[in-house]
Amino acid sequence: MSADLLDPPRLERAKVAVGVTFATNGLAFGGWLARAPAVRDDLGLSPAGFGLLLLCLSGAAVAAIPLAGPLVQRLGPARAVLFGSMSVVLGLVGLGLGAAAGSVPIAGVGLVLIGMGNSTWDVAMNVEGADVERRLGRTLMPRFHAGFSVGTVGGAGMSAAAAAAGVSVTAQVLLTAALAAAIMLVTVRRFLPVPQAHGEPAPRGRVRDAWREPRTLLIGVIMLGFGFTEGAANDWLAIGLVDGYGASEAVGAIGFGFFVTAMTLGRLFGGPAIERWGRVTTLRLTAVSALAGLLLVVSGIGVPAVLAGALLWGAGASLGFPIGMSAAADDPLRAAIRVSVAGSIGYGAFLAGPPLIGLLAQRVGVLSALLVVVVAIGLGLIGSAASRPLPQD
């Protein structure tokens with residue numbers, strides 16, 4: 001390994017670059033998810049129809065993520081992140097143009113590109129983050145994921161301001177795409193260089209082998225449960241406020257902002273909590289918080305209770321994915337493959353969640369439909385023990 005990889009200033013620059021990468025990924029999503037009601041209305045869709053449209057996003061993500069690990073292994077994290085982020089940018093352009101034209105097919109193609117690109121972007125930035133975390137010897141993954149939440153907070157704030165000012169969702173989405181492209185073209189240059197192998201290469205692992213590892217599969221269950229818990233709020237919290245409580249679109253965006261703000265705080269302070277209590281106990285405590293927040297959101301008490309619930313829900317959903325990613329990447333030689341396998345299971349939440357909640361909402365309303373998240377929280381608890389760190393050689 002070259003001395004350059006161990007140079008502290010080089011590692012610090014890489015750490016900042018990873019944080020910016022997570023934040024830009026969050027901005028790309030938060031910049032349109034908080035305006036989901038406007039996208040739905042521009043396309044003239046029912047709740048069930050909008051849930052099926054979101055299947056284009058989640059289905060493409062799930063289909064692409066098993067390929068992301070081998071791609072990251074072959075290209076290296078920097079090139080893989082650049083490839084994925086540009087796909088997301090093109091997808092945002094398609095989504096914005098589809099909304100402007102009222103065309104469901106164009107918007108659907110945009111969501112497919114977003115889902116496919118984000119799978120590669122997600123795996124690659126987590127592999128790079130785990131490598132930087134390991135080399136610096138500090139618990140950083142929750143803070144990297146906090147960067148994602150910071151981005152979504154920024155996206156939600158931009159969405160709330162745009163909605164209040166009457167700016168079209170198309171104009172906002174196109175601006176978000178341009179901003180994400182400009183940031184990522186610069187940021188990936190600061191990633192750690194891919195080390196050159198000398199002599200006999202170490203075994204890197206194969207996808208089919210990782211699918212036979214019980215620990216990797218259970219980590220995937222953790223990510224499935226907490227991913228569903230997070231994704232349900234991302235996709236439906238704003239709509240729940242608008243449809244379930246008669247709130248305005250701006251209030252819906254504010255509620256989503258409360259959720260992602262709590263996610264951010266949970267991830268910023270998650271590192272010390274994990275170091276003090278361990279991964280397993282931390283996961284179990286956050287599950288309790290998520291359950292309490294969910295129950296407040298669906299209680300029907302009123303908007304203030306929903307906002308309080310959004311905070312608890314966000315804090316509870318904050319650490320499941322970063323803990324799962326760190327656990328999957330414990331072995332650096334097999335990190336990319338195991339992250340992609342566990343992520344394939346975890347992204348099943350984004351495949352099943354939107355259409356399931358949409359179909360239930362069509363029959364019983366959005367608030368009652370959100371109670372299915374209780375099952376997801378239970379799945380996260382079932383797999384929590386698998387997150388214990390691997391023994392060090």
# chains A, B, ... in the order shown; residues from 1 in each chain; ligands from 1

call {"tool": "residues_around", "arguments": {"residues": "Asp42 (chain A)", "least_positions_apart": "6", "cutoff": "12 Å", "atoms": "only C-alpha atoms", "output": "list in words"}}
result
Arg35, Ala36, Phe50, Leu95, Gly96, Leu97, Gly98, Ala99, Ala100, Ala101, Gly102, Ser103, Val104, Ala107, Ser168, Val169 and Thr170 of chain A

call {"tool": "write_last_selection", "arguments": {"atoms": "all heavy atoms", "output": "short mmCIF file (atom, residue, chain, number, x, y, z; two decimals), in the first residue's frame"}}
result
data_model
loop_
_atom_site.label_atom_id
_atom_site.label_comp_id
_atom_site.auth_asym_id
_atom_site.auth_seq_id
_atom_site.Cartn_x
_atom_site.Cartn_y
_atom_site.Cartn_z
N ARG A 35 -41.77 17.62 -2.46
CA ARG A 35 -42.79 18.14 -3.36
C ARG A 35 -43.58 17.01 -4.00
O ARG A 35 -44.21 17.18 -5.05
CB ARG A 35 -42.15 18.98 -4.48
CG ARG A 35 -41.33 20.16 -4.04
CD ARG A 35 -42.07 21.42 -3.65
NE ARG A 35 -43.15 21.86 -4.49
CZ ARG A 35 -43.04 22.79 -5.44
NH1 ARG A 35 -41.87 23.37 -5.68
NH2 ARG A 35 -44.10 23.17 -6.11
N ALA A 36 -43.54 15.81 -3.38
CA ALA A 36 -44.26 14.67 -3.93
C ALA A 36 -45.73 14.97 -4.21
O ALA A 36 -46.26 14.54 -5.24
CB ALA A 36 -44.13 13.46 -3.00
N PHE A 50 -49.84 6.83 -7.75
CA PHE A 50 -48.56 7.43 -7.41
C PHE A 50 -47.64 6.40 -6.76
O PHE A 50 -46.43 6.38 -7.01
CB PHE A 50 -48.77 8.62 -6.48
CG PHE A 50 -47.51 9.40 -6.20
CD1 PHE A 50 -46.85 10.08 -7.21
CD2 PHE A 50 -46.99 9.45 -4.92
CE1 PHE A 50 -45.69 10.80 -6.96
CE2 PHE A 50 -45.83 10.16 -4.65
CZ PHE A 50 -45.18 10.84 -5.68
N LEU A 95 -37.68 13.52 -14.74
CA LEU A 95 -38.82 13.68 -13.83
C LEU A 95 -39.41 15.07 -13.94
O LEU A 95 -40.64 15.24 -14.00
CB LEU A 95 -38.37 13.40 -12.39
CG LEU A 95 -39.43 13.58 -11.31
CD1 LEU A 95 -40.56 12.57 -11.48
CD2 LEU A 95 -38.80 13.44 -9.92
N GLY A 96 -38.53 16.08 -13.98
CA GLY A 96 -39.02 17.45 -14.09
C GLY A 96 -39.76 17.70 -15.39
O GLY A 96 -40.83 18.33 -15.40
N LEU A 97 -39.21 17.20 -16.49
CA LEU A 97 -39.88 17.38 -17.77
C LEU A 97 -41.19 16.61 -17.84
O LEU A 97 -42.17 17.08 -18.42
CB LEU A 97 -38.94 16.95 -18.91
CG LEU A 97 -37.67 17.78 -19.07
CD1 LEU A 97 -36.80 17.20 -20.20
CD2 LEU A 97 -37.99 19.25 -19.34
N GLY A 98 -41.20 15.41 -17.23
CA GLY A 98 -42.44 14.63 -17.20
C GLY A 98 -43.53 15.33 -16.43
O GLY A 98 -44.70 15.34 -16.85
N ALA A 99 -43.17 15.95 -15.28
CA ALA A 99 -44.16 16.68 -14.50
C ALA A 99 -44.69 17.89 -15.28
O ALA A 99 -45.89 18.18 -15.26
CB ALA A 99 -43.55 17.13 -13.17
N ALA A 100 -43.79 18.57 -15.98
CA ALA A 100 -44.21 19.75 -16.75
C ALA A 100 -45.17 19.37 -17.87
O ALA A 100 -46.12 20.10 -18.16
CB ALA A 100 -42.98 20.45 -17.33
N ALA A 101 -44.92 18.22 -18.49
CA ALA A 101 -45.76 17.78 -19.61
C ALA A 101 -46.97 16.97 -19.15
O ALA A 101 -47.81 16.61 -19.98
CB ALA A 101 -44.93 16.94 -20.59
N GLY A 102 -47.05 16.68 -17.85
CA GLY A 102 -48.11 15.80 -17.37
C GLY A 102 -47.99 14.40 -17.91
O GLY A 102 -49.00 13.69 -18.06
N SER A 103 -46.78 13.97 -18.20
CA SER A 103 -46.54 12.67 -18.84
C SER A 103 -46.01 11.66 -17.81
O SER A 103 -44.87 11.77 -17.34
CB SER A 103 -45.53 12.81 -19.98
OG SER A 103 -45.14 11.54 -20.47
N VAL A 104 -46.84 10.67 -17.49
CA VAL A 104 -46.41 9.62 -16.56
C VAL A 104 -45.25 8.79 -17.14
O VAL A 104 -44.30 8.48 -16.41
CB VAL A 104 -47.60 8.72 -16.17
CG1 VAL A 104 -47.14 7.54 -15.33
CG2 VAL A 104 -48.65 9.54 -15.40
N ALA A 107 -41.95 10.76 -16.73
CA ALA A 107 -41.59 10.79 -15.32
C ALA A 107 -41.11 9.42 -14.85
O ALA A 107 -40.16 9.31 -14.06
CB ALA A 107 -42.78 11.25 -14.48
N SER A 168 -42.72 26.29 -9.66
CA SER A 168 -43.14 24.97 -10.14
C SER A 168 -42.15 23.90 -9.70
O SER A 168 -40.95 24.16 -9.53
CB SER A 168 -43.25 24.96 -11.66
OG SER A 168 -41.96 25.01 -12.26
N VAL A 169 -42.66 22.68 -9.51
CA VAL A 169 -41.79 21.57 -9.14
C VAL A 169 -40.78 21.29 -10.25
O VAL A 169 -39.65 20.87 -9.98
CB VAL A 169 -42.63 20.32 -8.80
CG1 VAL A 169 -43.31 19.75 -10.05
CG2 VAL A 169 -41.77 19.26 -8.15
N THR A 170 -41.15 21.54 -11.50
CA THR A 170 -40.22 21.30 -12.62
C THR A 170 -39.00 22.20 -12.52
O THR A 170 -37.86 21.75 -12.64
CB THR A 170 -40.94 21.54 -13.96
OG1 THR A 170 -41.99 20.60 -14.11
CG2 THR A 170 -39.96 21.41 -15.12
#

call {"tool": "closest_atom_pairs", "arguments": {"of": "region 29-84 of chain A", "to": "region 149-160 of chain A", "cutoff": "9 Å", "atoms": "only C-alpha atoms", "output": "Markdown table"}}
result
| residue | atom | partner | partner_atom | distance |
| --- | --- | --- | --- | --- |
| A:Phe29 | CA | A:Thr152 | CA | 6.6 |
| A:Gly30 | CA | A:Thr152 | CA | 4.2 |
| A:Gly31 | CA | A:Gly155 | CA | 4.0 |
| A:Trp32 | CA | A:Ser159 | CA | 7.2 |
| A:Leu33 | CA | A:Ala156 | CA | 7.9 |
| A:Ala34 | CA | A:Ala156 | CA | 5.6 |
| A:Arg35 | CA | A:Ser159 | CA | 6.2 |

call {"tool": "closest_residue", "arguments": {"among": "A:Ala315, A:Val366, A:Leu55, A:Ala23", "to": "Val109 (chain A)", "atoms": "only C-alpha atoms"}}
result
A:Leu55

call {"tool": "atom_distance", "arguments": {"atom1": "CA of Val341 (chain A)", "atom2": "CA of Gly227 (chain A)"}}
result
14.5 Å

call {"tool": "closest_residue", "arguments": {"among": "A:Ala290, A:Leu140, A:Ala369, A:Leu53", "to": "Gly270 (chain A)", "atoms": "only C-alpha atoms"}}
result
A:Leu140

call {"tool": "residues_around", "arguments": {"residues": "Pro355 (chain A)", "least_positions_apart": "4", "cutoff": "6 Å", "atoms": "only C-alpha atoms", "output": "VMD selection string"}}
result
chain A and resid 51 to 52 359

call {"tool": "residues_around", "arguments": {"residues": "Ala238 (chain A)", "least_positions_apart": "4", "cutoff": "7 Å", "atoms": "only C-alpha atoms", "output": "list in words"}}
result
Ala34, Val242, Gly252, Ala253, Gly255 and Phe256 of chain A

call {"tool": "closest_atom_pairs", "arguments": {"of": "region 213-284 of chain A", "to": "region 373-384 of chain A", "cutoff": "7 Å", "atoms": "only C-alpha atoms", "output": "JSON lines"}}
result
{"residue": "A:Leu218", "atom": "CA", "partner": "A:Gly383", "partner_atom": "CA", "distance": 5.1}
{"residue": "A:Ile219", "atom": "CA", "partner": "A:Gly383", "partner_atom": "CA", "distance": 6.4}
{"residue": "A:Val221", "atom": "CA", "partner": "A:Gly383", "partner_atom": "CA", "distance": 5.8}
{"residue": "A:Ile222", "atom": "CA", "partner": "A:Gly380", "partner_atom": "CA", "distance": 4.3}
{"residue": "A:Gly225", "atom": "CA", "partner": "A:Ala376", "partner_atom": "CA", "distance": 4.3}
{"residue": "A:Phe226", "atom": "CA", "partner": "A:Gly380", "partner_atom": "CA", "distance": 5.8}
{"residue": "A:Phe228", "atom": "CA", "partner": "A:Ala376", "partner_atom": "CA", "distance": 6.1}
{"residue": "A:Thr229", "atom": "CA", "partner": "A:Val373", "partner_atom": "CA", "distance": 5.8}
{"residue": "A:Val280", "atom": "CA", "partner": "A:Ser384", "partner_atom": "CA", "distance": 5.5}
{"residue": "A:Leu283", "atom": "CA", "partner": "A:Ser384", "partner_atom": "CA", "distance": 6.5}
{"residue": "A:Arg284", "atom": "CA", "partner": "A:Leu381", "partner_atom": "CA", "distance": 6.2}

call {"tool": "atom_distance", "arguments": {"atom1": "CA of Met263 (chain A)", "atom2": "CA of Ala64 (chain A)"}}
result
25.9 Å

call {"tool": "closest_atom_pairs", "arguments": {"of": "region 5-81 of chain A", "to": "region 329-338 of chain A", "cutoff": "9 Å", "atoms": "only C-alpha atoms", "output": "tab-separated table"}}
result
residue	atom	partner	partner_atom	distance
A:Pro66	CA	A:Ile337	CA	8.3
A:Ala68	CA	A:Ala336	CA	8.1
A:Gly69	CA	A:Ile337	CA	4.7
A:Pro70	CA	A:Ile337	CA	6.6
A:Leu71	CA	A:Ala336	CA	8.9
A:Val72	CA	A:Ala336	CA	6.6
A:Gln73	CA	A:Ala336	CA	6.4

call {"tool": "closest_residue", "arguments": {"among": "A:Gln172, A:Asn25, A:Ser344, A:Ser387", "to": "Gly84 (chain A)", "atoms": "only C-alpha atoms"}}
result
A:Asn25

call {"tool": "closest_residue", "arguments": {"among": "A:Gly324, A:Ala233, A:Gly166, A:Ser340", "to": "Trp121 (chain A)", "atoms": "only C-alpha atoms"}}
result
A:Ser340

call {"tool": "residues_around", "arguments": {"residues": "Ser119 (chain A)", "least_positions_apart": "2", "cutoff": "12 Å", "atoms": "only C-alpha atoms", "output": "VMD selection string"}}
result
chain A and resid 25 57 to 69 71 to 72 80 to 81 83 to 85 87 to 88 112 to 117 121 to 126 339 to 341 343 to 344 346 to 347 350

call {"tool": "atom_distance", "arguments": {"atom1": "CA of Ala178 (chain A)", "atom2": "CA of Arg190 (chain A)"}}
result
20.3 Å

call {"tool": "closest_residue", "arguments": {"among": "A:Leu92, A:Leu307, A:Ala342, A:Leu175", "to": "Val251 (chain A)", "atoms": "only C-alpha atoms"}}
result
A:Leu307

call {"tool": "closest_residue", "arguments": {"among": "A:Leu75, A:Leu54, A:Leu90, A:Leu291", "to": "Gly309 (chain A)", "atoms": "only C-alpha atoms"}}
result
A:Leu291

call {"tool": "select_by_dssp", "arguments": {"residues": "region 93-321 of chain A", "states": "helix (DSSP H, G or I)", "output": "MDAnalysis selection string"}}
result
chainID A and resid 93:101 104:136 141:165 169:190 207:210 214:245 249:268 270:297 303:317 320:321

call {"tool": "residues_around", "arguments": {"residues": "Ala17 (chain A)", "least_positions_apart": "4", "cutoff": "12 Å", "atoms": "only C-alpha atoms", "output": "ChimeraX atom specification"}}
result
/A:10-13,21-24,77-78,81,125,128-129,132,144,147,183-192

call {"tool": "write_last_selection", "arguments": {"atoms": "N, CA, C and O atoms", "output": "short mmCIF file (atom, residue, chain, number, x, y, z; two decimals), in the first residue's frame"}}
result
data_model
loop_
_atom_site.label_atom_id
_atom_site.label_comp_id
_atom_site.auth_asym_id
_atom_site.auth_seq_id
_atom_site.Cartn_x
_atom_site.Cartn_y
_atom_site.Cartn_z
N ARG A 10 -4.36 13.74 3.36
CA ARG A 10 -5.06 13.09 2.24
C ARG A 10 -6.33 12.41 2.73
O ARG A 10 -7.38 12.49 2.09
N LEU A 11 -6.23 11.76 3.88
CA LEU A 11 -7.40 11.09 4.45
C LEU A 11 -8.46 12.09 4.89
O LEU A 11 -9.66 11.85 4.73
N GLU A 12 -8.02 13.21 5.46
CA GLU A 12 -8.98 14.23 5.89
C GLU A 12 -9.72 14.82 4.69
O GLU A 12 -10.92 15.08 4.76
N ARG A 13 -9.00 15.02 3.58
CA ARG A 13 -9.67 15.52 2.38
C ARG A 13 -10.68 14.51 1.85
O ARG A 13 -11.77 14.87 1.41
N THR A 21 -20.36 14.06 -0.62
CA THR A 21 -21.04 13.12 -1.52
C THR A 21 -22.36 12.65 -0.92
O THR A 21 -23.39 12.61 -1.61
N PHE A 22 -22.36 12.30 0.36
CA PHE A 22 -23.60 11.91 1.02
C PHE A 22 -24.60 13.07 1.02
O PHE A 22 -25.80 12.86 0.78
N ALA A 23 -24.11 14.28 1.32
CA ALA A 23 -25.02 15.43 1.37
C ALA A 23 -25.64 15.72 0.01
O ALA A 23 -26.84 16.02 -0.09
N THR A 24 -24.85 15.60 -1.06
CA THR A 24 -25.38 15.85 -2.40
C THR A 24 -26.41 14.79 -2.78
O THR A 24 -27.42 15.10 -3.43
N PRO A 77 -14.40 3.28 -6.10
CA PRO A 77 -15.51 4.10 -5.62
C PRO A 77 -15.67 5.44 -6.34
O PRO A 77 -16.79 5.87 -6.60
N ALA A 78 -14.57 6.12 -6.68
CA ALA A 78 -14.69 7.45 -7.28
C ALA A 78 -15.42 7.40 -8.62
O ALA A 78 -16.37 8.14 -8.86
N VAL A 81 -19.12 6.36 -8.16
CA VAL A 81 -19.96 7.46 -7.67
C VAL A 81 -20.27 8.43 -8.80
O VAL A 81 -21.41 8.89 -8.95
N MET A 125 -20.33 5.13 -2.33
CA MET A 125 -19.99 6.10 -1.29
C MET A 125 -19.91 5.45 0.08
O MET A 125 -19.12 5.87 0.93
N GLU A 128 -16.45 3.68 0.15
CA GLU A 128 -15.42 4.69 0.37
C GLU A 128 -15.47 5.21 1.80
O GLU A 128 -14.43 5.39 2.46
N GLY A 129 -16.68 5.45 2.32
CA GLY A 129 -16.82 5.92 3.69
C GLY A 129 -16.29 4.93 4.71
O GLY A 129 -15.62 5.31 5.68
N VAL A 132 -12.44 5.06 4.63
CA VAL A 132 -11.92 6.24 5.33
C VAL A 132 -12.09 6.08 6.83
O VAL A 132 -11.18 6.38 7.62
N PHE A 144 -21.39 10.43 8.20
CA PHE A 144 -21.52 10.46 6.75
C PHE A 144 -22.99 10.39 6.35
O PHE A 144 -23.44 11.12 5.47
N GLY A 147 -24.65 13.48 6.74
CA GLY A 147 -24.47 14.34 5.57
C GLY A 147 -25.61 14.17 4.59
O GLY A 147 -26.10 15.15 4.00
N ILE A 183 -21.48 19.76 -8.28
CA ILE A 183 -20.78 19.36 -7.05
C ILE A 183 -20.04 18.05 -7.24
O ILE A 183 -18.86 17.92 -6.87
N MET A 184 -20.67 17.06 -7.84
CA MET A 184 -20.06 15.74 -7.92
C MET A 184 -18.90 15.69 -8.89
O MET A 184 -17.94 14.93 -8.68
N LEU A 185 -18.92 16.47 -9.94
CA LEU A 185 -17.81 16.49 -10.88
C LEU A 185 -16.51 16.93 -10.20
O LEU A 185 -15.41 16.50 -10.58
N VAL A 186 -16.63 17.77 -9.17
CA VAL A 186 -15.46 18.24 -8.43
C VAL A 186 -15.10 17.32 -7.28
O VAL A 186 -13.93 17.00 -7.04
N THR A 187 -16.12 16.84 -6.55
CA THR A 187 -15.89 16.14 -5.29
C THR A 187 -15.17 14.80 -5.45
O THR A 187 -14.31 14.45 -4.64
N VAL A 188 -15.51 14.02 -6.47
CA VAL A 188 -14.93 12.68 -6.58
C VAL A 188 -13.43 12.71 -6.80
O VAL A 188 -12.74 11.70 -6.59
N ARG A 189 -12.89 13.84 -7.19
CA ARG A 189 -11.44 13.94 -7.40
C ARG A 189 -10.67 13.83 -6.08
O ARG A 189 -9.46 13.60 -6.10
N ARG A 190 -11.35 14.01 -4.96
CA ARG A 190 -10.69 13.95 -3.66
C ARG A 190 -10.85 12.59 -2.97
O ARG A 190 -10.43 12.43 -1.83
N PHE A 191 -11.47 11.64 -3.63
CA PHE A 191 -11.56 10.29 -3.07
C PHE A 191 -10.18 9.66 -3.02
O PHE A 191 -9.25 10.07 -3.73
N LEU A 192 -10.03 8.64 -2.18
CA LEU A 192 -8.76 7.92 -2.11
C LEU A 192 -8.50 7.19 -3.42
O LEU A 192 -9.43 6.60 -3.99
#
